[in-house]
Every structure is written in C-alpha cells, then in structure tokens.
$ cat entry-v7.csv   # CSV, C-alpha atoms
chain,number,residue,atom,x,y,z
A,3,GLY,CA,-17.0,-43.8,58.1
A,4,ASP,CA,-18.3,-43.0,54.6
A,5,SER,CA,-21.6,-44.5,53.7
A,6,VAL,CA,-21.0,-44.1,50.0
A,7,THR,CA,-18.0,-44.6,47.7
A,8,GLN,CA,-17.9,-43.0,44.3
A,9,THR,CA,-15.5,-42.9,41.4
A,10,GLU,CA,-12.7,-40.8,42.7
A,11,GLY,CA,-12.1,-37.2,41.6
A,12,LEU,CA,-12.2,-36.3,38.0
A,13,VAL,CA,-13.4,-38.3,35.0
A,14,THR,CA,-12.5,-36.9,31.6
A,15,LEU,CA,-14.3,-38.1,28.4
A,16,THR,CA,-14.5,-37.2,24.8
A,17,GLU,CA,-17.9,-36.2,23.6
A,18,GLY,CA,-19.8,-39.2,22.3
A,19,LEU,CA,-18.1,-41.8,24.5
A,20,PRO,CA,-20.1,-43.7,27.2
A,21,VAL,CA,-20.3,-42.5,30.7
A,22,MET,CA,-19.9,-44.7,33.8
A,23,LEU,CA,-19.7,-43.3,37.2
A,24,ASN,CA,-19.5,-45.8,40.0
A,25,CYS,CA,-21.3,-45.7,43.3
A,26,THR,CA,-21.3,-48.3,46.1
A,27,TYR,CA,-23.0,-47.7,49.4
A,28,GLN,CA,-23.5,-49.0,52.9
A,29,THR,CA,-26.8,-48.5,54.7
A,30,ILE,CA,-28.7,-50.0,57.6
A,31,TYR,CA,-31.8,-50.2,55.5
A,32,SER,CA,-32.8,-53.3,53.6
A,33,ASN,CA,-34.9,-51.3,51.1
A,34,PRO,CA,-33.1,-47.9,50.7
A,35,PHE,CA,-33.8,-45.2,48.1
A,36,LEU,CA,-30.7,-44.3,46.3
A,37,PHE,CA,-30.2,-40.9,44.6
A,38,TRP,CA,-27.9,-39.3,42.0
A,39,TYR,CA,-27.7,-35.5,42.2
A,40,VAL,CA,-26.0,-33.3,39.6
A,41,GLN,CA,-24.5,-29.9,40.1
A,42,HIS,CA,-23.4,-27.8,37.2
A,43,LEU,CA,-20.9,-25.0,37.6
A,44,ASN,CA,-22.2,-22.1,39.7
A,45,GLU,CA,-25.5,-23.9,40.2
A,46,SER,CA,-27.1,-25.7,43.1
A,47,PRO,CA,-27.5,-29.5,43.2
A,48,ARG,CA,-30.6,-31.0,41.7
A,49,LEU,CA,-32.0,-34.5,41.5
A,50,LEU,CA,-31.0,-36.5,38.5
A,51,LEU,CA,-32.6,-39.8,39.3
A,52,LYS,CA,-33.5,-42.1,42.1
A,53,SER,CA,-34.4,-45.7,42.6
A,54,PHE,CA,-35.9,-48.0,45.2
A,55,THR,CA,-36.5,-51.2,43.2
A,56,ASP,CA,-33.8,-53.8,43.1
A,57,ASN,CA,-32.5,-54.7,39.6
A,58,LYS,CA,-34.8,-52.2,37.8
A,59,ARG,CA,-33.3,-49.7,35.4
A,60,THR,CA,-34.2,-46.0,36.1
A,61,GLU,CA,-33.8,-43.4,33.4
A,62,HIS,CA,-33.9,-39.7,33.2
A,63,GLN,CA,-32.4,-37.1,30.8
A,64,GLY,CA,-30.5,-39.8,29.0
A,65,PHE,CA,-28.8,-41.1,32.1
A,66,HIS,CA,-29.7,-44.4,33.7
A,67,ALA,CA,-28.8,-46.4,36.8
A,68,THR,CA,-29.8,-49.8,38.2
A,69,LEU,CA,-29.9,-50.4,41.9
A,70,HIS,CA,-28.3,-53.8,42.7
A,71,LYS,CA,-28.8,-54.6,46.4
A,72,SER,CA,-26.7,-57.8,46.1
A,73,SER,CA,-23.6,-55.7,45.4
A,74,SER,CA,-24.8,-52.4,47.1
A,75,SER,CA,-24.2,-50.5,43.9
A,76,PHE,CA,-26.0,-47.8,42.0
A,77,HIS,CA,-23.7,-46.9,39.1
A,78,LEU,CA,-24.7,-44.0,36.8
A,79,GLN,CA,-24.4,-44.5,33.0
A,80,LYS,CA,-25.1,-42.8,29.8
A,81,SER,CA,-24.5,-44.2,26.3
A,82,SER,CA,-23.1,-41.0,24.8
A,83,ALA,CA,-21.6,-38.1,26.7
A,84,GLN,CA,-22.5,-34.5,25.7
A,85,LEU,CA,-20.6,-31.4,26.5
A,86,SER,CA,-23.4,-30.2,28.7
A,87,ASP,CA,-23.0,-33.3,30.9
A,88,SER,CA,-19.9,-31.7,32.4
A,89,ALA,CA,-20.7,-31.3,36.1
A,90,LEU,CA,-20.3,-32.6,39.6
A,91,TYR,CA,-22.2,-35.8,40.3
A,92,TYR,CA,-23.2,-37.0,43.8
A,93,CYS,CA,-24.5,-40.4,44.7
A,94,ALA,CA,-26.5,-40.4,48.0
A,95,PRO,CA,-27.9,-43.1,50.1
A,96,PRO,CA,-30.2,-42.2,53.0
A,97,ASP,CA,-28.5,-41.8,56.4
A,98,SER,CA,-29.7,-43.4,59.6
A,99,GLY,CA,-33.1,-42.0,60.7
A,100,TYR,CA,-33.8,-41.0,57.1
A,101,ASN,CA,-33.5,-37.4,58.4
A,102,LYS,CA,-30.9,-36.4,55.8
A,103,LEU,CA,-29.0,-37.4,52.7
A,104,THR,CA,-25.3,-37.8,53.1
A,105,PHE,CA,-23.5,-37.1,49.9
A,106,GLY,CA,-20.4,-38.9,48.7
A,107,LYS,CA,-17.3,-37.0,47.7
A,108,GLY,CA,-18.7,-36.4,44.3
A,109,THR,CA,-17.3,-37.1,40.9
A,110,VAL,CA,-16.4,-34.4,38.4
A,111,LEU,CA,-17.3,-35.3,34.9
A,112,LEU,CA,-15.5,-33.2,32.2
A,113,VAL,CA,-16.6,-33.8,28.6
A,114,SER,CA,-14.4,-32.4,25.9
A,115,PRO,CA,-15.0,-32.0,22.2
B,5,ASP,CA,-38.9,-18.0,39.8
B,6,PRO,CA,-36.8,-19.6,42.5
B,7,LYS,CA,-39.0,-21.4,45.0
B,8,ILE,CA,-36.3,-21.5,47.7
B,9,ILE,CA,-34.9,-18.0,48.4
B,10,GLN,CA,-31.6,-17.5,50.1
B,11,LYS,CA,-30.2,-14.2,51.1
B,12,PRO,CA,-27.7,-12.8,50.7
B,13,LYS,CA,-26.2,-14.5,47.6
B,14,TYR,CA,-22.8,-13.2,48.4
B,15,LEU,CA,-21.3,-12.1,51.7
B,16,VAL,CA,-17.9,-11.0,52.8
B,17,ALA,CA,-17.4,-10.9,56.6
B,18,VAL,CA,-14.6,-10.1,59.0
B,19,THR,CA,-13.1,-12.7,61.2
B,20,GLY,CA,-14.9,-12.7,64.6
B,21,SER,CA,-18.1,-11.1,63.4
B,22,GLU,CA,-21.5,-12.6,63.3
B,23,LYS,CA,-23.8,-13.2,60.3
B,24,ILE,CA,-27.2,-14.6,59.5
B,25,LEU,CA,-28.1,-16.4,56.4
B,26,ILE,CA,-31.7,-16.3,55.4
B,27,CYS,CA,-33.8,-19.1,53.8
B,28,GLU,CA,-37.4,-19.2,52.8
B,29,GLN,CA,-39.1,-21.9,50.8
B,30,TYR,CA,-42.4,-21.6,48.9
B,31,LEU,CA,-42.8,-25.2,47.9
B,32,GLY,CA,-45.1,-26.1,50.8
B,33,HIS,CA,-42.5,-28.5,52.2
B,34,ASN,CA,-42.4,-29.6,55.8
B,35,ALA,CA,-38.7,-30.3,56.2
B,36,MET,CA,-35.8,-27.9,55.7
B,37,TYR,CA,-32.0,-28.4,55.7
B,38,TRP,CA,-28.7,-26.6,55.7
B,39,TYR,CA,-25.7,-28.0,53.7
B,40,ARG,CA,-22.3,-26.5,53.3
B,41,GLN,CA,-19.9,-26.9,50.4
B,42,SER,CA,-16.3,-25.8,50.3
B,43,ALA,CA,-13.2,-26.5,48.3
B,44,LYS,CA,-12.0,-28.7,51.1
B,45,LYS,CA,-15.1,-30.7,51.7
B,46,PRO,CA,-17.9,-31.9,49.4
B,47,LEU,CA,-21.6,-31.2,50.1
B,48,GLU,CA,-21.8,-31.6,53.8
B,49,PHE,CA,-25.0,-32.0,55.9
B,50,MET,CA,-25.4,-29.5,58.8
B,51,PHE,CA,-29.0,-29.5,60.1
B,52,SER,CA,-32.4,-30.8,59.3
B,53,TYR,CA,-35.7,-29.4,60.6
B,54,SER,CA,-39.2,-30.6,60.4
B,55,TYR,CA,-42.2,-28.5,61.4
B,56,GLN,CA,-39.8,-26.1,63.1
B,57,LYS,CA,-38.2,-28.8,65.2
B,58,LEU,CA,-34.6,-29.9,65.0
B,59,MET,CA,-34.3,-33.4,63.6
B,60,ASP,CA,-30.6,-33.9,63.1
B,61,ASN,CA,-27.5,-31.9,63.8
B,62,GLN,CA,-24.1,-32.8,62.3
B,63,THR,CA,-22.4,-29.6,63.1
B,64,ALA,CA,-19.8,-29.9,65.9
B,65,SER,CA,-19.5,-26.2,66.6
B,66,SER,CA,-22.1,-24.3,68.6
B,67,ARG,CA,-21.2,-21.2,66.6
B,68,PHE,CA,-23.7,-22.4,64.0
B,69,GLN,CA,-27.3,-22.0,65.2
B,70,PRO,CA,-30.3,-22.6,63.0
B,71,GLN,CA,-33.4,-20.5,63.7
B,72,SER,CA,-36.9,-21.3,62.5
B,73,SER,CA,-39.6,-18.6,63.0
B,74,LYS,CA,-42.1,-20.3,60.6
B,75,LYS,CA,-42.4,-23.7,59.0
B,76,ASN,CA,-41.1,-22.4,55.6
B,77,HIS,CA,-38.3,-20.4,57.1
B,78,LEU,CA,-34.9,-21.6,58.3
B,79,ASP,CA,-32.1,-19.1,59.0
B,80,LEU,CA,-28.6,-19.9,59.9
B,81,GLN,CA,-26.8,-17.8,62.4
B,82,ILE,CA,-23.0,-18.0,62.5
B,83,THR,CA,-21.1,-16.4,65.3
B,84,ALA,CA,-17.4,-15.7,65.8
B,85,LEU,CA,-16.7,-16.3,62.1
B,86,LYS,CA,-13.4,-17.9,61.1
B,87,PRO,CA,-11.8,-18.0,57.7
B,88,ASP,CA,-12.4,-21.8,57.6
B,89,ASP,CA,-16.2,-21.0,57.6
B,90,SER,CA,-15.8,-19.7,54.1
B,91,ALA,CA,-18.0,-21.8,51.9
B,92,THR,CA,-21.3,-21.8,50.0
B,93,TYR,CA,-24.2,-22.6,52.3
B,94,PHE,CA,-27.1,-24.3,50.7
B,95,CYS,CA,-30.6,-24.4,52.1
B,96,ALA,CA,-32.8,-27.3,51.0
B,97,SER,CA,-36.3,-28.6,51.6
B,98,SER,CA,-38.3,-31.8,51.1
B,99,GLN,CA,-41.9,-32.6,51.2
B,100,ALA,CA,-41.7,-34.9,54.2
B,101,ARG,CA,-39.2,-35.1,57.0
B,102,THR,CA,-38.0,-38.4,55.8
B,103,VAL,CA,-35.8,-38.3,52.8
B,104,SER,CA,-36.9,-41.8,51.8
B,105,GLY,CA,-38.0,-41.3,48.2
B,106,ASN,CA,-38.4,-37.6,48.7
B,107,THR,CA,-36.4,-35.2,46.6
B,108,LEU,CA,-34.3,-32.5,48.1
B,109,TYR,CA,-34.7,-29.2,46.5
B,110,PHE,CA,-31.8,-26.8,46.9
B,111,GLY,CA,-31.7,-23.0,47.0
B,112,GLU,CA,-29.1,-21.1,45.0
B,113,GLY,CA,-26.8,-20.8,47.9
B,114,SER,CA,-25.2,-18.1,50.0
B,115,ARG,CA,-21.5,-17.7,49.2
B,116,LEU,CA,-19.7,-16.6,52.4
B,117,ILE,CA,-16.1,-15.4,52.4
B,118,VAL,CA,-14.5,-14.7,55.8
B,119,VAL,CA,-11.4,-12.4,55.7
$ encode --input "entry-v7.csv" --output "structure tokens"
Amino acid sequence: GDSVTQTEGLVTLTEGLPVMLNCTYQTIYSNPFLFWYVQHLNESPRLLLKSFTDNKRTEHQGFHATLHKSSSSFHLQKSSAQLSDSALYYCAPPDSGYNKLTFGKGTVLLVSP
Amino acid sequence: DPKIIQKPKYLVAVTGSEKILICEQYLGHNAMYWYRQSAKKPLEFMFSYSYQKLMDNQTASSRFQPQSSKKNHLDLQITALKPDDSATYFCASSQARTVSGNTLYFGEGSRLIVV
C-alpha cells in the first residue's frame, strides 16, 4: 500500500492566498526524515525542505512545514502564494531499508493572478 | 553546469527495440538511483545502487537492467521496448546509500517515446 497520502490532484489558488498541501505518512521508523520535493514544468524534482525533528518548524524559500509524529503529518504551507509556486509537489517518507525515497502521487499547485 | 548528466535527453524508439540510457554524476556521491515518471504514474522508484552494488529493485520486469561500470556511472538498459515504457527516466544520486537525511539530486531526465 501507499506509504504517503497527499492532497489529491490539483490545487488552484489565487496569487497572495495561503498555501496548504497536506501530507500524512506511514513508516516503520520511529524517527524518520520527511521530505518535500518540488518539480516545476519541464524540470527535474529538487528538494524543497526536509525535517527530522518532531514539532519543529522547518523553512525554506518561503515555505514551511512541521513534522508531527503524533499525527504522522508533514503538511507544506506558505503564507502567500506566488505565480512561480505553480509546480508539482511531492511528499516523501523513507521506505524500508532507507535505500530509497518513495514519492506520493504528488499535488499540482496552480497559482493564478 | 549540470552535475548529473543524462543522455540522451530525448529518444524515440521502435517497439521491440533495445535502448540504453546513460547517467553520470559528478557530485562525488556514493549512491545512484533510477526513477520513472509518466502520465499514468507519478515519480516511481526503479533501482538503487551503492558502490556499484544493487541495493533495491522495484521493477517487476527483467527488461530493465541497470549497469554500473564505475561508481559515478549508472546506465539503464531497456530491452524489448513497449509503448507503455514511454516515460521520462530520471537518474538521481545521494551522498550516502541511506536516504535518511540525505538529499536526492536528480538529473534532467531522458524522455523516451516508444512508437
């Protein structure tokens, strides 16, 4: 089964509104690293942010996420969406053996003027 | 300059043929991976290698064979190509073989179309 569940499909926002992309995960590890990767159109995925510490906010490029182990969540947020945030976002927990990252289905964020 | 070089960038192949996708990384990383992305499926893990040894394989079909001649080199041979193999194949690497805390760096991808 899936080890990560993300906000389904397409999220459309108007520029300036807050962004919230949900991610809940299952892992055998009690202290997992969680990752958010972003992929812009016609580009390859790249790391957006990652976290290991429970209940600590992690920030990068205006985005932030807090790992909550109690609820197995790692939601991605931004206070004000920009047009350039339009992209495909993947949440990724480590898979068993830590030999790979298994990406969720991804969420497409489309920001319009 | 890209630190992970994938060749070719674009490739059109005939059903039943065989192709090799090339990947070299110049990041000094010890682990390399292949992922596949298509319209039908999201970013899908295929193989992971560390120090030229296969660590994990999630590809059901033996038509996909990774080949590592050097630590920084991981090619992907695909035989008996099918239209369903049409996808963008991403090579990636990480510092250590464990992805715990380690960032995956992706190449620009090889876009394969099978006709």
$ atom_distance --input "entry-v7.csv" --atom1 "atom CA of Ser65 of chain B" --atom2 "atom CA of Glu28 of chain B"
23.7 Å
$ residues_around --input "entry-v7.csv" --residues "segment 10-17 of chain B" --least-positions-apart "3" --cutoff "7 Å" --atoms "only C-alpha atoms" --output "CSV table (one decimal) with C-alpha atoms, keeping the file's coordinate frame"
chain,number,residue,atom,x,y,z
B,21,SER,CA,-18.1,-11.1,63.4
B,25,LEU,CA,-28.1,-16.4,56.4
B,26,ILE,CA,-31.7,-16.3,55.4
B,27,CYS,CA,-33.8,-19.1,53.8
B,28,GLU,CA,-37.4,-19.2,52.8
B,111,GLY,CA,-31.7,-23.0,47.0
B,112,GLU,CA,-29.1,-21.1,45.0
B,113,GLY,CA,-26.8,-20.8,47.9
B,114,SER,CA,-25.2,-18.1,50.0
B,115,ARG,CA,-21.5,-17.7,49.2
B,116,LEU,CA,-19.7,-16.6,52.4
B,117,ILE,CA,-16.1,-15.4,52.4
B,118,VAL,CA,-14.5,-14.7,55.8
B,119,VAL,CA,-11.4,-12.4,55.7
$ interface_residues --input "entry-v7.csv" --of "chain A" --to "chain B" --cutoff "8 Å" --atoms "only C-alpha atoms" --output "list in words"
Pro34, Phe35, Glu45, Ser46, Pro47, Arg48, Leu49, Lys52, Ser53, Phe54, Pro96, Gly99, Tyr100, Asn101, Lys102, Leu103, Thr104, Phe105, Gly106, Lys107 and Gly108 of chain A
$ residues_around --input "entry-v7.csv" --residues "segment 27-31 of chain A" --least-positions-apart "4" --cutoff "7 Å" --atoms "all atoms listed in the file" --output "list in words"
Ser5, Val6, Thr7, Ser74, Ser75, Pro95 and Ser98 of chain A
$ atom_distance --input "entry-v7.csv" --atom1 "atom CA of Ala67 of chain A" --atom2 "atom CA of Gln79 of chain A"
6.1 Å
$ atom_distance --input "entry-v7.csv" --atom1 "atom CA of Lys23 of chain B" --atom2 "atom CA of Asp79 of chain B"
10.3 Å
$ residues_around --input "entry-v7.csv" --residues "Ser81 of chain A" --least-positions-apart "3" --cutoff "9 Å" --atoms "all atoms listed in the file" --output "PyMOL selection string"
chain A and resi 18-22+64-65
$ residues_around --input "entry-v7.csv" --residues "Ala89 of chain A" --least-positions-apart "4" --cutoff "8 Å" --atoms "only C-alpha atoms" --output "MDAnalysis selection string"
chainID A and resid 40:43 110:112
$ decode --input "entry-v7.csv" --residues "segment 60-87 of chain A" --atoms "N, CA, C and O atoms" --output "compact mmCIF listing (two decimals), in the first residue's frame"
# COMPACT_ATOMS: atom_id res chain seq x y z
N THR A 60 10.26 23.85 9.97
CA THR A 60 11.37 23.93 9.02
C THR A 60 10.97 24.86 7.89
O THR A 60 9.85 24.74 7.37
N GLU A 61 11.86 25.78 7.51
CA GLU A 61 11.51 26.76 6.48
C GLU A 61 12.54 26.79 5.37
O GLU A 61 13.74 26.60 5.60
N HIS A 62 12.05 27.07 4.17
CA HIS A 62 12.96 27.24 3.03
C HIS A 62 12.19 27.91 1.89
O HIS A 62 11.09 27.48 1.54
N GLN A 63 12.76 28.95 1.36
CA GLN A 63 12.20 29.64 0.20
C GLN A 63 10.74 30.05 0.42
O GLN A 63 9.91 29.96 -0.49
N GLY A 64 10.44 30.49 1.63
CA GLY A 64 9.11 30.97 1.93
C GLY A 64 8.13 29.88 2.34
O GLY A 64 7.04 30.17 2.86
N PHE A 65 8.48 28.63 2.10
CA PHE A 65 7.64 27.51 2.51
C PHE A 65 8.06 27.03 3.90
O PHE A 65 9.21 27.19 4.30
N HIS A 66 7.12 26.44 4.59
CA HIS A 66 7.44 25.84 5.87
C HIS A 66 6.60 24.59 6.11
O HIS A 66 5.52 24.43 5.52
N ALA A 67 7.13 23.73 6.94
CA ALA A 67 6.43 22.50 7.31
C ALA A 67 6.89 22.10 8.69
O ALA A 67 8.02 22.38 9.09
N THR A 68 6.00 21.45 9.42
CA THR A 68 6.32 20.96 10.76
C THR A 68 6.00 19.48 10.82
O THR A 68 4.87 19.07 10.50
N LEU A 69 6.97 18.71 11.21
CA LEU A 69 6.76 17.26 11.36
C LEU A 69 6.03 16.99 12.66
O LEU A 69 6.50 17.40 13.74
N HIS A 70 4.89 16.36 12.59
CA HIS A 70 4.14 15.96 13.77
C HIS A 70 4.05 14.44 13.79
O HIS A 70 3.24 13.84 13.08
N LYS A 71 4.87 13.84 14.61
CA LYS A 71 4.88 12.37 14.66
C LYS A 71 3.61 11.82 15.27
O LYS A 71 3.17 10.72 14.92
N SER A 72 3.00 12.58 16.15
CA SER A 72 1.77 12.09 16.81
C SER A 72 0.65 11.86 15.80
O SER A 72 -0.18 10.96 15.97
N SER A 73 0.64 12.68 14.76
CA SER A 73 -0.39 12.54 13.73
C SER A 73 0.20 12.07 12.39
O SER A 73 -0.53 12.01 11.39
N SER A 74 1.47 11.75 12.40
CA SER A 74 2.16 11.31 11.16
C SER A 74 1.89 12.26 10.00
O SER A 74 1.50 11.85 8.90
N SER A 75 2.11 13.53 10.27
CA SER A 75 1.82 14.52 9.24
C SER A 75 3.02 15.43 9.00
O SER A 75 3.86 15.64 9.89
N PHE A 76 3.06 15.97 7.79
CA PHE A 76 4.14 16.88 7.40
C PHE A 76 3.59 17.79 6.33
O PHE A 76 4.01 17.78 5.18
N HIS A 77 2.65 18.64 6.72
CA HIS A 77 1.95 19.49 5.76
C HIS A 77 2.84 20.66 5.32
O HIS A 77 3.54 21.26 6.14
N LEU A 78 2.74 21.01 4.06
CA LEU A 78 3.52 22.11 3.49
C LEU A 78 2.67 23.38 3.45
O LEU A 78 1.53 23.34 2.98
N GLN A 79 3.24 24.48 3.90
CA GLN A 79 2.49 25.72 3.96
C GLN A 79 3.32 26.90 3.46
O GLN A 79 4.56 26.87 3.49
N LYS A 80 2.60 27.91 3.02
CA LYS A 80 3.22 29.18 2.66
C LYS A 80 2.19 30.24 2.90
O LYS A 80 1.00 30.05 2.60
N SER A 81 2.59 31.38 3.40
CA SER A 81 1.62 32.40 3.80
C SER A 81 0.98 33.09 2.61
O SER A 81 -0.19 33.48 2.65
N SER A 82 1.73 33.21 1.51
CA SER A 82 1.22 33.96 0.37
C SER A 82 1.74 33.35 -0.93
O SER A 82 2.94 33.39 -1.19
N ALA A 83 0.84 32.77 -1.72
CA ALA A 83 1.24 32.08 -2.95
C ALA A 83 1.71 33.08 -4.01
O ALA A 83 1.15 34.18 -4.15
N GLN A 84 2.74 32.65 -4.74
CA GLN A 84 3.23 33.43 -5.88
C GLN A 84 3.03 32.62 -7.16
O GLN A 84 2.94 31.39 -7.11
N LEU A 85 2.98 33.33 -8.27
CA LEU A 85 2.79 32.65 -9.55
C LEU A 85 3.87 31.58 -9.77
O LEU A 85 3.60 30.50 -10.30
N SER A 86 5.07 31.89 -9.34
CA SER A 86 6.20 30.98 -9.55
C SER A 86 6.13 29.73 -8.68
O SER A 86 6.94 28.81 -8.83
N ASP A 87 5.16 29.68 -7.77
CA ASP A 87 4.99 28.47 -6.94
C ASP A 87 4.23 27.38 -7.69
O ASP A 87 4.13 26.25 -7.20
